[in-house]
Amino acid sequence: MKALPVLLALAVAGCGAAPSTPEPATAVRLTATLTTPIDIRLEWTGEEAGATGQIVEFATAPEGPWTILQFMPPEQRAYEHPDLMPQTPFHYRVRPLHGPASSEVDVRFTGVPYPEPANVDVAWADPRRLPGARAGGHPLRGGGAAAAPTDLKATVMTRDAVLFTWADNASDEAGYLVEVRPDGAAAWTVAMMVDPDVTSVGLTALPEERRASFRVRAYYHGASSNVAHRTTGLSR
Amino acid sequence: MPRRLLALVAAVATLTALGVASPAAAEPLESGPWTAYSPSFSVQERGCGVVNGLTFQLTCSTASGDQRAERRYATYSTGVRQFEGYFRITSMPGTRISLKQTFGPSGPFFMLAVERGGRLYAVHGGTTLATGATVGATVRVNTVHNTGNGAHRTYINGSNRHSQTGGSGGYYDKFGAYRTNSGAGPATVVWSGVQFWQK
């Protein structure tokens with residue numbers, strides 16, 4: 001992860017009403033700006049040491065519920081939230097993600113994609129903890145390379161679906177992210193997220209993922225940024 | 001990158017683990033004043049549809065017939081109505097499953113559906129509303145319907161993704177999992193934080 005904080009000189013016009021109590025110090029400082037009455041641009045500075053990714057979330061009440069808008073690489077520093085509900089309060093926060101990934105596996109599909117399902121048993125695709133899977137014993141926090149998932153296997157089950165299995169070595173994960181990098185793509189992206197302790201799940205590949213690499217990452221959340229707030233105006 | 005609603009999956013991360021707190025704190029969207037209300041509903045299970053609380057399943061891959069697992073809410077015909085709910089697709093080996101509908105007097109007025117690969121679309125017209133969200137993550141849906149002028153807006157994760165007008169008469173909200181004419185299960189959809197407002 002890059003450790004180069006990006007200094008953004010934008011005013012904190014988007015932070016809304018001042019909180020009644022001081023906010024805790026966080027590595028990530030977030031501002032929200034109305035670029036039109038119904039478009040909001042988020043920009044932030046700083047990053048949490050060791051973060052392997054981050055998410056931006058929104059809510060329309062300060063206490064949530066929060067909804068993920070995007071998974072992002074740790075170096076990303078801006079996000080556009082467009083065409084918003086008019087005259088509505090929007091609250092935002094950025095949360096670092098930490099945790100090591102497994103080794104990657106390559107998946108290659110052949111044949112015609114997306115056959116119509118026809119009375120097939122797809123129970124194998126449900127996320128589950130495999131019988132006999134050993135309980136992870138290594139904490140992610142504090143480094144935790146030993147907590148990385150191991151023994152990742154990809155078994156092509158249909159013309160477009162693959163079963164992933166792995167060993168759970170983490171004792172304190174918030175869950176697992178299945179990440180994908182299609183052939184020719186530079187970046188990994190998150191394809192799905194599953195519960196802690198899951199060690200088996202199926203995925204249907206998108207057309208661009210019929211030749212791709214996959215890996216599984218155990219993760220936990222770092223400290224949230226401050227909450228930035230803006231209220232949208234009238235629609236255009 | 002909520003870039004898609006995953007096809008074959010089932011993430012089961014809890015709302016808390018995903019950063020989605022209690023839905024009780026939600027607020028209506030757009031300017032008010034809004035008044036919360038709790039319309040009655042009936043549960044509809046047809047074909048291989050199974051409803052368990054707010055979990056809606058199509059357990060078969062049958063590509064014909066009536067396959068539905070839904071809640072059908074009470075009819076309204078006046079005022080401006082807002083629906084809010086959060087869905088998570090926890091398993092969808094199938095495709096083209098309708099998730100939320102605003103029904104009119106002459107049939108579905110608006111149908112939000114998802115197809116294999118993750119595209120959210122309007123069934124009538126096929127307009128893409130969003131390329132989805134990462135499997136296991138939660139997607140927020142708000143619809144605002146003005147019965148006075150027929151305007152109906154659909155917001156996905158806060159952004160207006162679909163607008164239409166027209167129609168009059170009685171309407172009602174439905175959500176769950178419903179096989180569209182070109183779709184098939186299996187699918188499991190978990191809804192949460194469902195609320196209604198009017199003004």
# chains A, B, ... in the order shown; residues from 1 in each chain; ligands from 1
>>> residues_around(residues="A:Pro74", least_positions_apart="5", cutoff="9 Å", atoms="only C-alpha atoms", output="PyMOL selection string")
chain A and resi 1-2+47-48+51-54+96-97
>>> residues_around(residues="A:Val105", least_positions_apart="2", cutoff="12 Å", atoms="only C-alpha atoms", output="PyMOL selection string")
chain A and resi 101-103+107-108+150-156+162-166+178-182+211-216
>>> write_last_selection(atoms="C-alpha atoms", output="mmCIF file, in the first residue's frame")
data_model
loop_
_atom_site.group_PDB
_atom_site.id
_atom_site.type_symbol
_atom_site.label_atom_id
_atom_site.label_comp_id
_atom_site.auth_asym_id
_atom_site.auth_seq_id
_atom_site.Cartn_x
_atom_site.Cartn_y
_atom_site.Cartn_z
ATOM 1 C CA ALA A 101 -4.743 -12.293 0.342
ATOM 2 C CA SER A 102 -4.199 -15.857 -0.691
ATOM 3 C CA SER A 103 -2.125 -16.898 -3.627
ATOM 4 C CA VAL A 107 -9.615 -19.845 -14.155
ATOM 5 C CA ARG A 108 -10.348 -20.653 -17.779
ATOM 6 C CA THR A 150 -4.243 -20.741 1.938
ATOM 7 C CA ASP A 151 -4.899 -23.708 -0.295
ATOM 8 C CA LEU A 152 -7.175 -21.733 -2.618
ATOM 9 C CA LYS A 153 -8.644 -24.039 -5.223
ATOM 10 C CA ALA A 154 -10.863 -23.214 -8.177
ATOM 11 C CA THR A 155 -13.048 -25.940 -9.658
ATOM 12 C CA VAL A 156 -14.971 -25.116 -12.810
ATOM 13 C CA VAL A 162 -16.584 -21.878 -10.572
ATOM 14 C CA LEU A 163 -16.317 -23.167 -7.020
ATOM 15 C CA PHE A 164 -13.673 -21.661 -4.758
ATOM 16 C CA THR A 165 -12.474 -23.354 -1.605
ATOM 17 C CA TRP A 166 -9.755 -22.249 0.772
ATOM 18 C CA VAL A 178 -13.132 -12.753 -3.507
ATOM 19 C CA GLU A 179 -11.031 -10.630 -5.849
ATOM 20 C CA VAL A 180 -10.696 -10.961 -9.602
ATOM 21 C CA ARG A 181 -8.297 -9.694 -12.254
ATOM 22 C CA PRO A 182 -9.354 -10.516 -15.802
ATOM 23 C CA ARG A 211 -10.072 -15.922 -18.470
ATOM 24 C CA ALA A 212 -9.074 -14.402 -15.170
ATOM 25 C CA SER A 213 -7.129 -14.777 -11.969
ATOM 26 C CA PHE A 214 -8.832 -14.936 -8.597
ATOM 27 C CA ARG A 215 -7.704 -14.703 -5.017
ATOM 28 C CA VAL A 216 -9.352 -14.546 -1.604
#
>>> closest_atom_pairs(of="chain A", to="chain B", cutoff="8 Å", atoms="only C-alpha atoms", output="tab-separated table")
residue	atom	partner	partner_atom	distance
A:Thr60	CA	B:Glu27	CA	6.2
A:Ala61	CA	B:Glu27	CA	6.2
A:Glu63	CA	B:Ala25	CA	6.9
A:Gly64	CA	B:Ala21	CA	5.9
A:Pro65	CA	B:Ala21	CA	4.5
A:Trp66	CA	B:Val20	CA	4.6
A:Thr67	CA	B:Val20	CA	5.9
A:Ile68	CA	B:Ala137	CA	6.9
A:Leu69	CA	B:Pro2	CA	6.2
A:Gln70	CA	B:Met1	CA	3.9
A:Phe71	CA	B:Met1	CA	4.1
A:Met72	CA	B:Met1	CA	6.2
A:His81	CA	B:Ser159	CA	7.3
A:Pro82	CA	B:Ser159	CA	6.0
A:Asp83	CA	B:Ser159	CA	5.0
A:Leu84	CA	B:Ser159	CA	4.4
A:Met85	CA	B:Glu30	CA	5.6
A:Pro86	CA	B:Glu30	CA	5.1
A:Gln87	CA	B:Glu30	CA	5.1
A:Thr88	CA	B:Glu30	CA	5.2
A:Glu116	CA	B:Gly94	CA	7.9
A:Pro117	CA	B:Ser61	CA	5.7
A:Ala118	CA	B:Ser61	CA	5.4
A:Asn119	CA	B:Ser61	CA	5.0
A:Val120	CA	B:Ser61	CA	6.8
A:Val122	CA	B:Pro93	CA	7.0
A:Ala125	CA	B:Val9	CA	6.4
A:Asp126	CA	B:Ala10	CA	5.6
A:Pro127	CA	B:Ala10	CA	5.6
A:Ala161	CA	B:Leu8	CA	7.3
A:Ala174	CA	B:Ala17	CA	6.2
A:Gly175	CA	B:Ala13	CA	6.8
A:Thr189	CA	B:Met1	CA	7.1
A:Val190	CA	B:Met1	CA	6.8
A:Ala191	CA	B:Thr134	CA	5.9
A:Met192	CA	B:Val135	CA	4.3
A:Met193	CA	B:Gly136	CA	5.0
A:Val194	CA	B:Ala11	CA	4.0
A:Asp195	CA	B:Ala13	CA	4.1
A:Pro196	CA	B:Ala13	CA	7.3
A:Val201	CA	B:Val9	CA	6.9
A:Gly202	CA	B:Val9	CA	5.8
A:Leu203	CA	B:Leu8	CA	4.7
A:Thr204	CA	B:Leu8	CA	4.8
A:Ala205	CA	B:Gly117	CA	7.1
A:Leu206	CA	B:Gly117	CA	5.4
>>> select_by_dssp(residues="stretch 45-99 of chain B", states="strand (DSSP E)", output="VMD selection string")
chain B and resid 45 to 46 49 to 52 55 to 58 68 to 73 80 to 91 95 to 99
>>> write_last_selection(atoms="C-alpha atoms", output="PDB file, in the first residue's frame")
ATOM      1  CA  GLU B  45     -45.697 -17.941  -2.667  1.00  0.00           C
ATOM      2  CA  ARG B  46     -46.204 -19.444  -6.085  1.00  0.00           C
ATOM      3  CA  GLY B  49     -41.269 -19.526  -4.218  1.00  0.00           C
ATOM      4  CA  VAL B  50     -40.611 -19.641  -0.489  1.00  0.00           C
ATOM      5  CA  VAL B  51     -40.897 -16.721   1.910  1.00  0.00           C
ATOM      6  CA  ASN B  52     -39.355 -16.816   5.347  1.00  0.00           C
ATOM      7  CA  THR B  55     -35.862 -13.892   2.953  1.00  0.00           C
ATOM      8  CA  PHE B  56     -37.314 -14.649  -0.466  1.00  0.00           C
ATOM      9  CA  GLN B  57     -36.284 -17.760  -2.359  1.00  0.00           C
ATOM     10  CA  LEU B  58     -36.938 -19.316  -5.704  1.00  0.00           C
ATOM     11  CA  ARG B  68     -42.619 -16.004  -7.026  1.00  0.00           C
ATOM     12  CA  ALA B  69     -41.816 -15.239  -3.426  1.00  0.00           C
ATOM     13  CA  GLU B  70     -43.047 -11.773  -2.579  1.00  0.00           C
ATOM     14  CA  ARG B  71     -44.765  -9.404  -0.225  1.00  0.00           C
ATOM     15  CA  ARG B  72     -47.703  -7.584  -1.754  1.00  0.00           C
ATOM     16  CA  TYR B  73     -48.571  -4.382   0.117  1.00  0.00           C
ATOM     17  CA  VAL B  80     -46.909  10.912  -2.686  1.00  0.00           C
ATOM     18  CA  ARG B  81     -45.551   7.573  -1.518  1.00  0.00           C
ATOM     19  CA  GLN B  82     -42.032   6.546  -0.757  1.00  0.00           C
ATOM     20  CA  PHE B  83     -40.687   3.028  -0.425  1.00  0.00           C
ATOM     21  CA  GLU B  84     -37.300   2.248   1.024  1.00  0.00           C
ATOM     22  CA  GLY B  85     -35.609  -1.103   1.360  1.00  0.00           C
ATOM     23  CA  TYR B  86     -32.222  -2.782   1.264  1.00  0.00           C
ATOM     24  CA  PHE B  87     -31.631  -6.026  -0.572  1.00  0.00           C
ATOM     25  CA  ARG B  88     -28.816  -8.505  -0.647  1.00  0.00           C
ATOM     26  CA  ILE B  89     -28.708 -11.273  -3.195  1.00  0.00           C
ATOM     27  CA  THR B  90     -27.265 -14.118  -1.244  1.00  0.00           C
ATOM     28  CA  SER B  91     -27.541 -16.688  -4.013  1.00  0.00           C
ATOM     29  CA  THR B  95     -31.098 -14.825 -13.940  1.00  0.00           C
ATOM     30  CA  ARG B  96     -33.623 -12.056 -14.627  1.00  0.00           C
ATOM     31  CA  ILE B  97     -35.269 -12.020 -11.263  1.00  0.00           C
ATOM     32  CA  SER B  98     -37.521  -9.113 -10.361  1.00  0.00           C
ATOM     33  CA  LEU B  99     -36.745  -7.645  -6.969  1.00  0.00           C
TER      34      LEU B  99
END
>>> closest_residue(among="B:Pro39, B:Gly79, B:Gly65, B:Gly166", to="B:Lys199", atoms="only C-alpha atoms")
B:Gly79
>>> closest_residue(among="A:Leu140, A:Leu30, A:Ala49, A:Val198", to="A:Tyr176", atoms="only C-alpha atoms")
A:Val198
>>> atom_distance(atom1="atom CA of A:Asn226", atom2="atom CA of A:Arg95")
9.6 Å
>>> closest_residue(among="A:Tyr220, A:Asn169, A:Arg141, A:Ala228", to="A:Arg41", atoms="only C-alpha atoms")
A:Ala228
>>> residues_around(residues="B:Thr147", least_positions_apart="6", cutoff="9 Å", atoms="only C-alpha atoms", output="list in words")
Tyr76, Ser77, Thr78, Gly79, Val80, Arg81, Gly167, Ser168, Gly169, Gly170 and Tyr171 of chain B
>>> write_last_selection(atoms="C-alpha atoms", output="PDB file, in the first residue's frame")
ATOM      1  CA  TYR B  76     -52.818   3.285  -2.413  1.00  0.00           C
ATOM      2  CA  SER B  77     -54.321   5.851  -4.741  1.00  0.00           C
ATOM      3  CA  THR B  78     -53.587   9.262  -3.249  1.00  0.00           C
ATOM      4  CA  GLY B  79     -50.625  11.368  -2.185  1.00  0.00           C
ATOM      5  CA  VAL B  80     -46.909  10.912  -2.686  1.00  0.00           C
ATOM      6  CA  ARG B  81     -45.551   7.573  -1.518  1.00  0.00           C
ATOM      7  CA  GLY B 167     -50.858   6.054 -15.075  1.00  0.00           C
ATOM      8  CA  SER B 168     -53.598   6.680 -12.600  1.00  0.00           C
ATOM      9  CA  GLY B 169     -55.675   4.686 -10.193  1.00  0.00           C
ATOM     10  CA  GLY B 170     -54.647   2.311  -7.463  1.00  0.00           C
ATOM     11  CA  TYR B 171     -51.054   1.222  -6.961  1.00  0.00           C
TER      12      TYR B 171
END
>>> closest_residue(among="B:Val43, B:Val123, B:Val114, B:Leu54", to="B:Ala187", atoms="only C-alpha atoms")
B:Val114
>>> residues_around(residues="B:Ala74", least_positions_apart="2", cutoff="6 Å", atoms="only C-alpha atoms", output="list in words")
Pro39, Ser40, Phe41 and Tyr172 of chain B
>>> write_last_selection(atoms="N, CA, C and O atoms", output="CSV table (one decimal), in the first residue's frame")
chain,number,residue,atom,x,y,z
B,39,PRO,N,-48.2,0.0,5.8
B,39,PRO,CA,-49.3,-0.7,5.1
B,39,PRO,C,-49.3,-2.2,5.4
B,39,PRO,O,-48.3,-2.8,5.7
B,40,SER,N,-50.5,-2.7,5.3
B,40,SER,CA,-50.6,-4.2,5.5
B,40,SER,C,-50.0,-4.9,4.3
B,40,SER,O,-49.9,-4.3,3.2
B,41,PHE,N,-49.8,-6.1,4.4
B,41,PHE,CA,-49.3,-6.9,3.2
B,41,PHE,C,-49.7,-8.3,3.3
B,41,PHE,O,-50.1,-8.8,4.4
B,172,TYR,N,-49.7,-0.4,-5.8
B,172,TYR,CA,-49.2,-1.0,-4.6
B,172,TYR,C,-47.7,-1.5,-4.8
B,172,TYR,O,-47.3,-1.6,-6.0
>>> atom_distance(atom1="atom CA of A:Glu43", atom2="atom CA of A:Ala187")
21.3 Å
